[in-house]
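**Student:** Here it is: the structure, laid out below.
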Amino acid sequence: MAERSDTGASSPESIKQTAPFGKGNIVSEDLVVRYGHVTALDHFSVEVPKGVVGLLGPNGAGKSTFIKAVLGLLKPQQGKVTVEGLDSIQDRLSIRDRIGYMPEHDCLIESMTGVELVSYMGRIAGMSKDDSIPRSHEVLDFVGLTEQRYRPISTYSTGMKQRIKLAQAIVHDPSIIFLDEPTSGMDPQGREEMLELIGRIAASDKSILLSSHILHDVEKVCKKVVIISNGKAVTQGDIDALLAQGDERKRMVVRGQPEALRLFIVQLSKELEVSSVSEEFKQFTVVIVNPKGSSRIFELAQSSGVQIRSYLPERFTLEDVFIDAVKEVK
Amino acid sequence: MGLNPIEYRPWKGQRSEHVRRFLVIADSILRHSLRSKWFLAVLIIGFFLAFGLNIIFLSITPHESLTGEQMASLLNNGIFYIFIVILVSMICSDLLAEDMRSSSLVLYLSRALRPVGYVLGKFAGAFETLAIFALLPPIILAVSITATQSGSDYLSSAEVILETVLAGFLATVFLIPIGMMISSLTRRRTYAAVGTFMFVFVLGIVASIFSQFDPNWQLIDPGNVLFYSFDVIFGVSLPQDIDAWLLLGMALLFTIPPMALAYYQVLRKGVGK
């Protein structure tokens with residue numbers, strides 16, 4: 001049975017916020033939103049730049065509240081949000097003209113057909129009737145809904161509903177798009193296609209804020225990420241930079257007599273940061289943070305009488321970054 | 001399903017003004033209602049029973065001119081009122097309840113539409129739809145009586161036509177807030193429809209019981225408030241034991257607080273509470 005002892009060496013400090021994004025497209029400063037006694041956003045400051053940005057956080061972290069604050073649907077008790085320089089409260093209607101929102105939950109008017117709904121939402125966003133109908137067909141072609149568009153939405157599968165939700169979010173050609181769990185409930189092929197669509201939309205100079213629990217999806221389409229936990233932005237930065245913070249981490253598998261192995265670990269931890277040690281089938285897997293060369297490690301192994309079976313770089317995954325960032329706040 | 005090999009194309013059109021967007025909602029409600037066979041059936045039956053026969057009968061009966069008393073008695077008609085209640089129940093049933101159930105409210109409010117614009121759009125849609133029964137037919141009736149009058153005083157008849165427009169407007173507007181309020185309190189359109197009908201019906205029963213002790217209790221029935229308001233509009237004197245100020249108070253009570261409650265519900269749901 002594998003046993004993992006986390007020494008805490010890979011503390012969140014080691015993977016925390018990388019360089020700030022720079023000038024943000026959406027900027028929240030010291031934002032505080034409370035629902036009664038519950039603080040949903042707690043001095044939340046973040047800068048969301050152009051491009052596809054992942055918005056990650058556990059359930060109840062404050063992701064939806066942040067989106068509502070950006071849309072001006074709720075008034076913060078403190079702080080402010082600006083979108084392309086516009087204030088979320090004073091200029092809320094101008095902001096909403098620039099935003100397309102794809103909610104996570106079911107929100108479609110099921111008595112309408114797909115094309116009716118998309119065209120209707122386009123008209124509410126200010127399009128004329130003459131513009132909204134051809135544009136609806138155009139975006140429905142884009143999201144891959146063909147003859148199904150003439151069927152009532154109540155007959156749609158989950159995948160079709162996700163596509164319709166995306167279509168209504170982009171029908172009025174917003175410059176910023178919020179996608180809340182866009183691949184939720186979709187089959188693997190549908191998921192790939194949805195990510196492909198997001199990539200195509202992003203290619204036309206849009207800002208996309210993607211909220212998802214599926215970190216693989218986020219890693220696949222996002223260049224940047226903001227991690228929210230307990231109403232605070234705990235980590236934000238380029239995904240590559242966040243993951244690269246683990247470049248000094250190495251994973252090594254050592255084998256030997258139990259006593260020799262223990263001695264090796266003790267000596268190792270005196271000289272280097274040992275992140276974790278696990279034992280399985282008479283061999284130890286050790287994760288260390290080693291900014292120096294590897295020769296000293298091999299010397300220690302030789303003097304302790306243990307055999308190094310493998311010595312490889314241990315890269316962070318987005319999951320590591322997420323878990324550590326969330327753990328810090330808890 | 002598969003994707004078409006097409007790229008995302010931007011849209012370069014002109015947007016309408018923010019203040020006019022509620023009209024899109026109103027337009028959608030009218031279209032939706034006119035596609036419902038049940039709605040059309042009730043509309044036709046109601047029109048025939050409340051106005052059709054009167055239009056034919058009064059047009060062929062010799063008459064000097066159109067009078068306020070005549071229009072007041074024609075509109076103070078139980079059938080007219082019952083069909084208004086039925087149509088309001090039908091129209092308002094899915095006005096807000098359906099959006100609350102399906103959470104589609106979030107789609108509206110994520111666009112450049114304030115909660116007040118959303119509620120106004122729903123109200124305007126219900127108004128446009130109900131006006132087909134409660135505003136247009138009274139005007140048609142008044143115009144047809146005027147067109148077939150034997151006397152030459154068209155000015156006084158025209159004045160009554162204007163009063164009819166006002167009465168029709170009131171008849172259209174009066175019960176919609178109650179329907180919207182009930183619709184905002186439930187997520188089921190059936191409950192909203194039955195709730196609206198029963199609300200009005202129960203108040204009518206309460207009024208008939210307590211009016212034996214004081215005639216002003218009649219004003220707890222929205223139907224009586226509407227009928228006495230017609231009397232006021234057409235210049236027919238109110239019964240002596242009915243307090244005109246109380247009538248005004250009840251008319252406001254049946255419209256403003258229900259609208260405020262419906263608006264509050266939308267506001268509350270809009271921010272996800």
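All residue names refer to the structure tokens as shown: chains lettered A, B, ... in order, residues numbered from 1 in each chain, ligands numbered from 1 in order.
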Within 8 Å of chain A, which residues of chain B show up when using only C-alpha atoms, listed as a ChimeraX atom specification?
**Tutor:** /B:1-4,6-11,13-18,21-22,24-25,99,102-114,270-271
**Student:** Need to verify the contact set: Tyr228 of chain B, 7 Å, only C-alpha atoms, exclusion of same-chain residues closer than 4 positions in sequence. Can you return it as an MDAnalysis selection string?
**Tutor:** chainID B and resid 224 232 238
**Student:** Using N, CA and C atoms, can you write the selected residues to a file as a PDB file, in the first residue's frame?
**Tutor:**
ATOM      1  N   ASN B 224     -65.821  44.335  -8.739  1.00  0.00           N
ATOM      2  CA  ASN B 224     -66.631  45.496  -8.365  1.00  0.00           C
ATOM      3  C   ASN B 224     -65.847  46.795  -8.511  1.00  0.00           C
ATOM      4  N   VAL B 232     -67.464  55.669 -12.933  1.00  0.00           N
ATOM      5  CA  VAL B 232     -66.802  56.974 -12.760  1.00  0.00           C
ATOM      6  C   VAL B 232     -66.348  57.507 -14.115  1.00  0.00           C
ATOM      7  N   LEU B 238     -71.942  57.071  -8.633  1.00  0.00           N
ATOM      8  CA  LEU B 238     -71.718  55.862  -7.824  1.00  0.00           C
ATOM      9  C   LEU B 238     -72.866  55.697  -6.833  1.00  0.00           C
TER      10      LEU B 238
END
**Student:** Run DSSP on the backbone and give me the residues of segment 144-203 of chain A it puts in strand (DSSP E), as a ChimeraX atom specification.
**Tutor:** /A:176-180
**Student:** Please identify every residue of segment 188-299 of chain A that has at least one atom no farther than 12 Å from an atom of segment 309-328 of chain A, counting only C-alpha atoms, and for each give the shortest atom pair and the distance in Å to one decimal, arranged by chain then increasing number, as CSV.
**Tutor:**
residue,atom,partner,partner_atom,distance
A:His213,CA,A:Glu319,CA,10.2
A:Ile214,CA,A:Glu319,CA,9.6
A:Leu215,CA,A:Leu318,CA,6.6
A:His216,CA,A:Leu318,CA,8.0
A:Asp217,CA,A:Leu318,CA,10.5
A:Val218,CA,A:Leu318,CA,8.7
A:Glu219,CA,A:Leu318,CA,7.0
A:Lys220,CA,A:Leu318,CA,10.6
A:Cys222,CA,A:Leu318,CA,11.2
A:Lys223,CA,A:Leu318,CA,11.8
A:Lys224,CA,A:Leu318,CA,11.1
A:Val225,CA,A:Leu318,CA,9.5
A:Val226,CA,A:Phe322,CA,9.6
A:Ile227,CA,A:Phe322,CA,6.9
A:Ile228,CA,A:Val326,CA,7.7
A:Ser229,CA,A:Val326,CA,5.7
A:Asn230,CA,A:Val326,CA,8.4
A:Gly231,CA,A:Val326,CA,10.9
A:Lys232,CA,A:Val326,CA,9.9
A:Ala233,CA,A:Ala325,CA,9.5
A:Val234,CA,A:Ala325,CA,6.2
A:Thr235,CA,A:Ala325,CA,6.5
A:Gln236,CA,A:Ala325,CA,10.0
A:Gly237,CA,A:Val321,CA,11.2
A:Asp238,CA,A:Leu318,CA,11.2
A:Ile239,CA,A:Leu318,CA,7.7
A:Asp240,CA,A:Leu318,CA,9.5
A:Ala241,CA,A:Phe316,CA,10.4
A:Leu242,CA,A:Val321,CA,7.3
A:Leu243,CA,A:Phe316,CA,5.0
A:Ala244,CA,A:Arg315,CA,7.0
A:Gln245,CA,A:Phe316,CA,7.5
A:Gly246,CA,A:Arg315,CA,5.3
A:Asp247,CA,A:Arg315,CA,5.9
A:Glu248,CA,A:Pro313,CA,7.3
A:Arg249,CA,A:Glu314,CA,5.2
A:Lys250,CA,A:Pro313,CA,4.3
A:Arg251,CA,A:Leu312,CA,5.3
A:Met252,CA,A:Tyr311,CA,4.3
A:Val253,CA,A:Ser310,CA,5.2
A:Val254,CA,A:Arg309,CA,5.5
A:Arg255,CA,A:Arg309,CA,6.9
A:Gly256,CA,A:Arg309,CA,10.1
A:Ser275,CA,A:Glu314,CA,10.9
A:Ser276,CA,A:Glu314,CA,11.7
A:Gln283,CA,A:Arg309,CA,9.2
A:Phe284,CA,A:Arg309,CA,9.9
A:Thr285,CA,A:Ser310,CA,9.3
A:Val286,CA,A:Tyr311,CA,9.5
A:Val287,CA,A:Glu314,CA,7.6
A:Ile288,CA,A:Glu314,CA,8.8
A:Val289,CA,A:Glu314,CA,9.3
A:Asn290,CA,A:Pro313,CA,9.8
A:Pro291,CA,A:Pro313,CA,11.4
A:Gly293,CA,A:Tyr311,CA,12.0
A:Ser294,CA,A:Tyr311,CA,9.0
A:Ser295,CA,A:Tyr311,CA,11.5
A:Ile297,CA,A:Tyr311,CA,10.0
A:Phe298,CA,A:Tyr311,CA,10.0
**Student:** Please, what distance in Å, to one decimal, runs between atom CA of Leu96 of chain B and atom CA of Leu117 of chain A?
**Tutor:**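 Answer for the atom CA of Leu96 of chain B to atom CA of Leu117 of chain A separation: 16.8 Å.
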**Student:** Looking only at the backbone, which of the residues in segment 111-158 of chain A does DSSP tag as alpha helix (DSSP H), as a compact mmCIF listing (two decimals) with N, CA, C and O atoms, in the first residue's frame?
**Tutor:**
# COMPACT_ATOMS: atom_id res chain seq x y z
N GLY A 114 -34.53 26.19 -31.41
CA GLY A 114 -33.17 26.72 -31.26
C GLY A 114 -32.99 28.05 -31.97
O GLY A 114 -32.47 29.01 -31.40
N VAL A 115 -33.46 28.10 -33.20
CA VAL A 115 -33.24 29.33 -33.97
C VAL A 115 -34.08 30.49 -33.41
O VAL A 115 -33.62 31.65 -33.39
N GLU A 116 -35.25 30.18 -32.89
CA GLU A 116 -36.08 31.23 -32.28
C GLU A 116 -35.38 31.82 -31.06
O GLU A 116 -35.34 33.04 -30.88
N LEU A 117 -34.85 30.94 -30.22
CA LEU A 117 -34.21 31.41 -28.99
C LEU A 117 -32.99 32.28 -29.29
O LEU A 117 -32.83 33.37 -28.73
N VAL A 118 -32.16 31.80 -30.21
CA VAL A 118 -30.92 32.55 -30.50
C VAL A 118 -31.27 33.91 -31.12
O VAL A 118 -30.70 34.95 -30.75
N SER A 119 -32.25 33.90 -32.00
CA SER A 119 -32.65 35.15 -32.63
C SER A 119 -33.29 36.11 -31.61
O SER A 119 -33.03 37.32 -31.60
N TYR A 120 -34.10 35.54 -30.72
CA TYR A 120 -34.76 36.34 -29.67
C TYR A 120 -33.72 36.98 -28.76
O TYR A 120 -33.78 38.17 -28.44
N MET A 121 -32.72 36.19 -28.36
CA MET A 121 -31.68 36.73 -27.48
C MET A 121 -30.84 37.78 -28.21
O MET A 121 -30.39 38.75 -27.62
N GLY A 122 -30.67 37.58 -29.50
CA GLY A 122 -29.97 38.59 -30.30
C GLY A 122 -30.75 39.90 -30.32
O GLY A 122 -30.18 40.98 -30.18
N ARG A 123 -32.05 39.80 -30.45
CA ARG A 123 -32.88 41.01 -30.49
C ARG A 123 -32.87 41.71 -29.13
O ARG A 123 -32.84 42.93 -29.06
N ILE A 124 -32.90 40.92 -28.05
CA ILE A 124 -32.84 41.56 -26.72
C ILE A 124 -31.48 42.24 -26.53
O ILE A 124 -31.37 43.24 -25.82
N LYS A 129 -34.55 42.81 -36.18
CA LYS A 129 -35.10 41.52 -36.60
C LYS A 129 -34.41 41.04 -37.88
O LYS A 129 -34.09 39.87 -38.04
N ASP A 130 -34.17 42.00 -38.78
CA ASP A 130 -33.54 41.65 -40.06
C ASP A 130 -32.12 41.13 -39.87
O ASP A 130 -31.64 40.32 -40.66
N ASP A 131 -31.45 41.63 -38.84
CA ASP A 131 -30.08 41.18 -38.58
C ASP A 131 -30.06 39.88 -37.79
O ASP A 131 -29.19 39.03 -38.00
N SER A 132 -30.99 39.77 -36.84
CA SER A 132 -30.88 38.67 -35.87
C SER A 132 -31.14 37.30 -36.51
O SER A 132 -30.52 36.32 -36.10
N ILE A 133 -32.02 37.23 -37.49
CA ILE A 133 -32.35 35.91 -38.05
C ILE A 133 -31.16 35.34 -38.86
O ILE A 133 -30.71 34.23 -38.58
N PRO A 134 -30.62 36.09 -39.84
CA PRO A 134 -29.45 35.51 -40.53
C PRO A 134 -28.26 35.26 -39.61
O PRO A 134 -27.55 34.26 -39.76
N ARG A 135 -28.08 36.15 -38.64
CA ARG A 135 -26.96 35.98 -37.71
C ARG A 135 -27.16 34.71 -36.86
O ARG A 135 -26.21 33.99 -36.57
N SER A 136 -28.41 34.44 -36.48
CA SER A 136 -28.69 33.24 -35.68
C SER A 136 -28.33 31.99 -36.48
O SER A 136 -27.70 31.07 -35.94
N HIS A 137 -28.71 31.99 -37.74
CA HIS A 137 -28.38 30.82 -38.57
C HIS A 137 -26.85 30.68 -38.70
O HIS A 137 -26.32 29.57 -38.69
N GLU A 138 -26.19 31.82 -38.80
CA GLU A 138 -24.74 31.80 -38.94
C GLU A 138 -24.08 31.18 -37.70
O GLU A 138 -23.22 30.30 -37.82
N VAL A 139 -24.52 31.63 -36.50
CA VAL A 139 -23.86 31.09 -35.29
C VAL A 139 -24.29 29.65 -35.04
O VAL A 139 -23.52 28.86 -34.50
N LEU A 140 -25.51 29.30 -35.46
CA LEU A 140 -25.93 27.90 -35.29
C LEU A 140 -25.13 26.98 -36.23
O LEU A 140 -24.80 25.86 -35.86
N ASP A 141 -24.82 27.48 -37.41
CA ASP A 141 -23.93 26.72 -38.30
C ASP A 141 -22.57 26.57 -37.64
O ASP A 141 -21.96 25.51 -37.66
N PHE A 142 -22.13 27.66 -37.04
CA PHE A 142 -20.80 27.67 -36.40
C PHE A 142 -20.72 26.65 -35.26
O PHE A 142 -19.74 25.91 -35.16
N VAL A 143 -21.77 26.59 -34.42
CA VAL A 143 -21.70 25.66 -33.27
C VAL A 143 -22.06 24.23 -33.66
O VAL A 143 -21.98 23.32 -32.84
N THR A 158 -28.27 17.02 -23.89
CA THR A 158 -27.44 17.95 -23.11
C THR A 158 -26.40 18.63 -24.00
O THR A 158 -26.16 19.84 -23.88
**Student:** Write out as a PyMOL selection string which residues come within 7 Å of segment 72-83 of chain B when counting only C-alpha atoms, dropping same-chain ones fewer than 3 positions away.
**Tutor:** chain B and resi 46+50+68-69+86-87+223+227+230-231+234
**Student:** Could you write those residues out with all heavy atoms, as a compact mmCIF listing (two decimals), in the first residue's frame?
**Tutor:**
# COMPACT_ATOMS: atom_id res chain seq x y z
N GLY B 46 -65.14 34.45 -26.06
CA GLY B 46 -65.36 35.63 -25.22
C GLY B 46 -65.84 36.81 -26.03
O GLY B 46 -66.78 37.52 -25.63
N ALA B 50 -69.44 38.35 -25.26
CA ALA B 50 -69.45 39.65 -24.57
C ALA B 50 -69.73 40.80 -25.53
O ALA B 50 -70.29 41.83 -25.11
CB ALA B 50 -68.12 39.87 -23.86
N GLY B 68 -73.01 57.54 -22.28
CA GLY B 68 -72.13 56.98 -21.26
C GLY B 68 -72.82 55.89 -20.47
O GLY B 68 -72.22 54.86 -20.16
N GLU B 69 -74.10 56.12 -20.14
CA GLU B 69 -74.87 55.13 -19.37
C GLU B 69 -74.93 53.80 -20.13
O GLU B 69 -74.78 52.72 -19.55
CB GLU B 69 -76.30 55.61 -19.10
CG GLU B 69 -76.41 56.76 -18.10
CD GLU B 69 -76.12 58.12 -18.74
OE1 GLU B 69 -75.98 58.18 -19.98
OE2 GLU B 69 -76.01 59.09 -17.97
N ILE B 86 -60.23 34.97 -17.07
CA ILE B 86 -59.71 33.74 -17.69
C ILE B 86 -58.48 34.06 -18.56
O ILE B 86 -57.45 33.38 -18.48
CB ILE B 86 -60.80 33.04 -18.53
CG1 ILE B 86 -61.92 32.52 -17.63
CG2 ILE B 86 -60.21 31.89 -19.35
CD1 ILE B 86 -63.14 32.00 -18.36
N LEU B 87 -58.60 35.11 -19.37
CA LEU B 87 -57.49 35.44 -20.27
C LEU B 87 -56.25 35.91 -19.50
O LEU B 87 -55.12 35.55 -19.85
CB LEU B 87 -57.92 36.50 -21.29
CG LEU B 87 -58.87 35.97 -22.37
CD1 LEU B 87 -59.46 37.11 -23.19
CD2 LEU B 87 -58.14 35.00 -23.30
N GLY B 223 -63.51 42.79 -9.32
CA GLY B 223 -64.57 42.98 -10.32
C GLY B 223 -65.41 44.19 -10.02
O GLY B 223 -65.68 45.02 -10.90
N PHE B 227 -65.97 47.64 -12.14
CA PHE B 227 -67.28 48.11 -12.58
C PHE B 227 -67.56 49.53 -12.08
O PHE B 227 -68.05 50.38 -12.83
CB PHE B 227 -68.39 47.16 -12.09
CG PHE B 227 -68.32 45.80 -12.74
CD1 PHE B 227 -68.84 44.67 -12.09
CD2 PHE B 227 -67.77 45.63 -13.99
CE1 PHE B 227 -68.80 43.42 -12.69
CE2 PHE B 227 -67.71 44.37 -14.59
CZ PHE B 227 -68.22 43.27 -13.93
N PHE B 230 -65.67 51.99 -14.07
CA PHE B 230 -66.34 52.29 -15.35
C PHE B 230 -67.40 53.36 -15.14
O PHE B 230 -67.53 54.29 -15.95
CB PHE B 230 -67.01 51.03 -15.93
CG PHE B 230 -66.04 49.97 -16.42
CD1 PHE B 230 -66.44 48.63 -16.52
CD2 PHE B 230 -64.75 50.29 -16.81
CE1 PHE B 230 -65.57 47.66 -16.97
CE2 PHE B 230 -63.88 49.32 -17.27
CZ PHE B 230 -64.29 48.00 -17.35
N ASP B 231 -68.16 53.23 -14.04
CA ASP B 231 -69.20 54.22 -13.75
C ASP B 231 -68.59 55.61 -13.64
O ASP B 231 -69.11 56.58 -14.19
CB ASP B 231 -69.92 53.88 -12.44
CG ASP B 231 -70.85 52.67 -12.60
OD1 ASP B 231 -71.15 52.32 -13.76
OD2 ASP B 231 -71.24 52.07 -11.58
N PHE B 234 -67.49 56.88 -17.12
CA PHE B 234 -68.61 57.26 -18.00
C PHE B 234 -69.54 58.31 -17.36
O PHE B 234 -70.58 58.61 -17.93
CB PHE B 234 -69.42 56.02 -18.40
CG PHE B 234 -68.67 55.13 -19.36
CD1 PHE B 234 -68.21 53.89 -18.99
CD2 PHE B 234 -68.42 55.54 -20.67
CE1 PHE B 234 -67.52 53.07 -19.86
CE2 PHE B 234 -67.73 54.73 -21.56
CZ PHE B 234 -67.27 53.49 -21.16
**Student:** Find the residues near Val160 of chain B: any atom within 8 Å, counting only C-alpha atoms, skip ones fewer than 3 places away on the same chain, and give them as a list in words.
**Tutor:** Leu66, Thr67, Gly68, Met71, Ala142, Ser156, Ser157, Glu163, Thr164 and Phe234 of chain B
